[in-house]
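Down below is the structure, laid out as structure tokens.
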Amino acid sequence: MTALLIRRVVRLVVVLAGVSLVTFAILHVSGDPVALMMAEAPEADRAVLRETMGFNEPLPVQFVKFLGSTARGDFGNSFFHRAPAMPLVLERMPTTLLLTALAILIAIVVAVPAGIYSAVRRGSLVDQAVTLAVFLGQSMPIFWTGIMLMLLFAVQWRVLPVSGWDSWWSLVLPAVTLGTFSAPLFLRIVRSSMLEVISLDYVRTARAKGVSEWFVICRHALVNAALPLVTVIGLQVGLLVGGAIVTETVFAVPGVGRLIVGAIRQLDFPIVQAGVFVIALLVVLVNFTVDLLYVYLNPQIRVR
Amino acid sequence: MKRWSLLFMVSALLLAIVVQVPAQPKDTLTVALVSHAPVLDPHFHFERVGILVNINMFDSLLHKNTKLEYEPSLATSWKPLNDTQWEFKLRRGVKFHNGETMTAEDVKFSFERVLDQKKKSPQFGNIRAIKEVRIVSPDTIHIVTDKPFPLLLERLVFFPIVPKKHVEAVGDQAFGLSAPVGTGPWKFVEWKKDQLIRLEAFDQHWRGKPAFKHLVIRAIPEIATQIAELKTGGVDLIRNVSADLVPELKAHPQTYVSSAPILRTHYAALDMRVPPFDKKLVRQAANYAIDREAIVEKMMAGLGRVVATTVHPAAFGHDPSVTPYTFDPKKAKELLARAGYPNGVDITLHSAFVEFRPVFEAIAQMLTDVGIRTTPKMWDPGPAWNKFFQTEGKAANGYYGSWGYYSVFDAEAILHPLYHTEPGGWVGKWYARVEGLDALIDQGKSTVDQAARKRTYTQIQRLLKEEAPSIFLFHQFDTLGVSKKVEYAARGDEWLWLFDAKPKR
């Protein structure tokens with residue numbers, strides 16, 4: 001277990017360094033932040049600012065310096081907010097995490113029972129309806145789903161707030177929108193892995209013993225069918241944080257996605273770097289957790 | 001029993017109607033902006049969304065009324081003493097939100113914190129010409145500039161005065177994030193980042209109390225969401241309603257639109273260093289090729305006005321005797337042939353003006369129609385400028401864009417960035433090569449004698465029309481979407497001066 005942990009930490013550091021390098025490289029070829037900060041100022045003033053901000057040094061030198069301060073946890077000051085970048089990212093992180101977690105929860109709550117039911121009653125009317133819903137759900141872009149739900153529930157029927165983040169009610173539409181993005185995939189996975197498991201010998205044996213159908217499905221079949229689902233949920237977290245950026249924009253949610261998008265537009269390097277770093281860290285940690293869950297769900301798997 | 005319940009139901013129904021009909025007088029005004037500025041400190045950002053919030057919390061020395069004429073604000077009168085010195089009389093007894101009285105010290109301090117280069121204020125460039133702010137008496141200050149600075153008054157319309165003692169006590173960072181204090185109509189209550197800024201009417205404001213007790217500025221990045229909020233009463237005022245959305249808001253029972261012509265002027269800057277736009281005849285041909293009226297009427301819902309040059313009709317120095325290029329494709333082809341391109345020529349135009357992509361494409365098509373075969377290239381804003389101005393021999397040919405004058409109603413505010421070729425310049429240093437224009441632009445800003453300046457700008461506009469360093473297009477309107485519960489009209493400077501907003505009954 002200790003060896004495993006050490007290997008994972010090494011991998012984590014490598015991934016984070018790689019992500020930082022890529023972010024750094026893309027940002028520094030994408031333009032000159034000083035030109036945006038002082039659009040109207042004479043070139044002489046801009047040159048002074050460039051000098052004080054260290055943009056005149058060769059890129060490799062800048063990168064080494066950046067890595068050094070990153071290793072100490074110092075991402076520098078935002079060019080526009082006049083405050084350290086990392087706290088700005090971290091103070092918006094809980095909102096995005098809550099939104100993502102709610103979306104996953106909604107997706108699971110919808111997908112697991114529906115997936116099980118359509119696997120058990122394969123070919124039934126319900127199964128066919130579910131398949132149709134999966135197709136629809138997967139082909140709708142988040143942006144569009146969000147606007148449609150808003151027009152329906154907030155403008156037409158006026159049962160939910162249009163946007164914002166003031167009450168629990170205002171969480172509903174963004175979370176459902178984002179959940180709609182994941183639910184179809186979860187549902188498909190649950191359905192197909194249940195179909196696979198349900199015809200296996202041990203399930204038949206359990207039934208033959210006279211165990212109730214409900215117990216067979218939940219205790220015997222579902223536990224084994226859950227493995228692929230856990231994998232997919234782990235992979236989805238990264239995607240969902242990406243989706244959260246769109247959802248946050250549509251529903252005016254004060255999350256980290258909006259902060260990063262705004263920072264990219266203004267070439268506010270420190271914020272982008274801190275934000276990407278935190279999200280990369282999150283994705284790596286989630287994947288590690290998924291690996292651990294494997295062991296728990298199926299003791300036959302040895303994590304190497 | 002039945003009778004009783006019937007009676008009960010009827011009275012409940014009546015009660016419901018009685019309660020609903022006379023809506024409570026609304027004392028909260030909610031405005032949507034696409035984002036919040038990074039700080040509330042009015043001196044340490046230079047973003048429109050921040051200025052719009054700041055002006056309702058802070059006063060400057062001067063103000064502009066709805067006709068965009070200067071009005072006294074914290075200064076009650078002002079006059080130039082000579083070419084480089086101005087005198088301002090300060091209003092007496094003005095209170096800051098924390099109860100302190102504004103003094104000349106506060107005014108001096110406000111200028112000095114922007115002029116202090118160590119503080120890196122993005123507004124430094126606006127007032128860099130100011131050499132010294134001198135306190136002559138408790139209610140008189142002199143502003144000394146290093147050379148004649150005709151734009152001084154324009155710059156002072158947004159130059160908020162902050163309380164020296166308070167800022168020094170809490171520090172710049174806290175002042176910008178959690179403790180902003182000004183003399184304006186509303187005072188700070190709370191700021192939930194990327195969510196809302198809550199302000200409350202200031203009892204002791206020198207103009208009196210504003211009509212709305214509470215002012216909430218929400219950050220809603222998506223225009224479709226802003227529209228949905230406006231229709232459902234979640235917000236009362238939204239900005240930048242595009243032409244295609246105007247009919248929808250006009251037709252809606254709870255909303256109306258209010259438009260005003262603004263300074264934002266559209267143009268296509270032409271790269272005069274390389275063929276084909278190094279030839280005057282080709283540049284003129286490009287100007288004859290564009291059907292400006294059709295673009296304004298059909299693509300912008302009429303929310304624009306054709307301009308003769310890039311000098312806006314509302315800017316100081318505009319000369320109406322210089323008339324716009326007509327739409328004359330035949331003449332354009334003729335000029336093109338005379339310039340040595342009888343079979344036409346291929347060019348590339350760039351743009352990062354995403355909201356006006358259809359207009360950009362229409363311009364490209366109109367140029368193509370007369371033989372200037374144009375490939376339009378659309379870029380993301382931000383990094384795009386590097387592409388437009390690339391210098392390594394690859395011609396950019398030109399780009400379509402707009403200039404908002406930074407709300408300065410003076411020809412100088414667009415002539416210098418667009419056409420002056422000094423190394424510190426903006427577009428001009430790359431694209432413009434008009435003989436004698438640099439000298440004229442310098443002459444225009446070298447005096448505060450407005451009559452002399454006007455003559456210079458007339459000369460410049462004639463030269464611009466003849467030399468055509470840009471394709472001159474039109475200026476834009478700003479369109480607000482407003483709730484019918486609120487009375488407010490769009491302003492020509494795009495300000496949201498919400499002291500003028502009133503609840504409608």
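We name chains A, B, ... following the order of the structure tokens; residues begin at 1 in each chain, and ligands are numbered from 1 as shown.
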- Item | Interface, chain A side, toward chain B (10 Å; only C-alpha atoms) as a PyMOL selection string | chain A and resi 27+29-33+35-46+49+78-83+88+91-92+146-147+150-151+154-156+158+161-166+248-256+258-259+262+264-267
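Near Glu105 (chain B), within 9 Å and counting only C-alpha atoms, sit B:Ile135, B:Pro138, B:Pro163, B:Lys164; same-chain residues fewer than 6 positions away were not included.
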- So which residues of region 81-119 of chain B fall under alpha helix (DSSP H) by DSSP, listed as number ranges by chain? B: 104-115
- Message: At a cut-off of 9 Å, using only C-alpha atoms, what residues contact Leu195 (chain A)? Leave out same-chain residues fewer than 5 positions from it and give the result as a ChimeraX atom specification.
- Response: /A:116,119-120,122,190,225
- Task: Quote the spacing between CA of Gly68 (chain A) and CA of Met53 (chain A) in Å to one decimal place.
- Result: 16.0 Å
- Message: Applying 10 Å and only C-alpha atoms, which residues near Trp86 (chain B) remain after dropping the ones on its own chain fewer than 6 positions away? List them as a ChimeraX atom specification.
- Response: /B:78-80,133,141-145,152-153
Skipping near chain neighbours, those fewer than 6 positions away, what residues fall within 6 Å of Ile197 (chain B) using only C-alpha atoms, listed as a PDB file with C-alpha atoms, in the first residue's frame?
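Result file follows (selection-v4.pdb):
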```pdb
ATOM      1  CA  GLU B 190     -21.797  43.849   0.040  1.00  0.00           C
ATOM      2  CA  TRP B 191     -20.084  42.208  -2.901  1.00  0.00           C
ATOM      3  CA  VAL B 216     -28.172  45.648  -7.034  1.00  0.00           C
ATOM      4  CA  ILE B 217     -25.699  44.988  -9.835  1.00  0.00           C
TER       5      ILE B 217
END
```
- Item | region 232-236 of chain A environment, 8 Å, only C-alpha atoms, sequence neighbours closer than 4 positions dropped, as a PyMOL selection string | chain A and resi 104+182+186+228+240+286-287+290
- Item | Among the residues B:Pro276, B:Gly317, B:Pro329, B:Gly404, the one that comes closest to Tyr341 (chain B) [using only C-alpha atoms] |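 Of the candidates, the smallest distance to Tyr341 (chain B) is held by B:Pro276.
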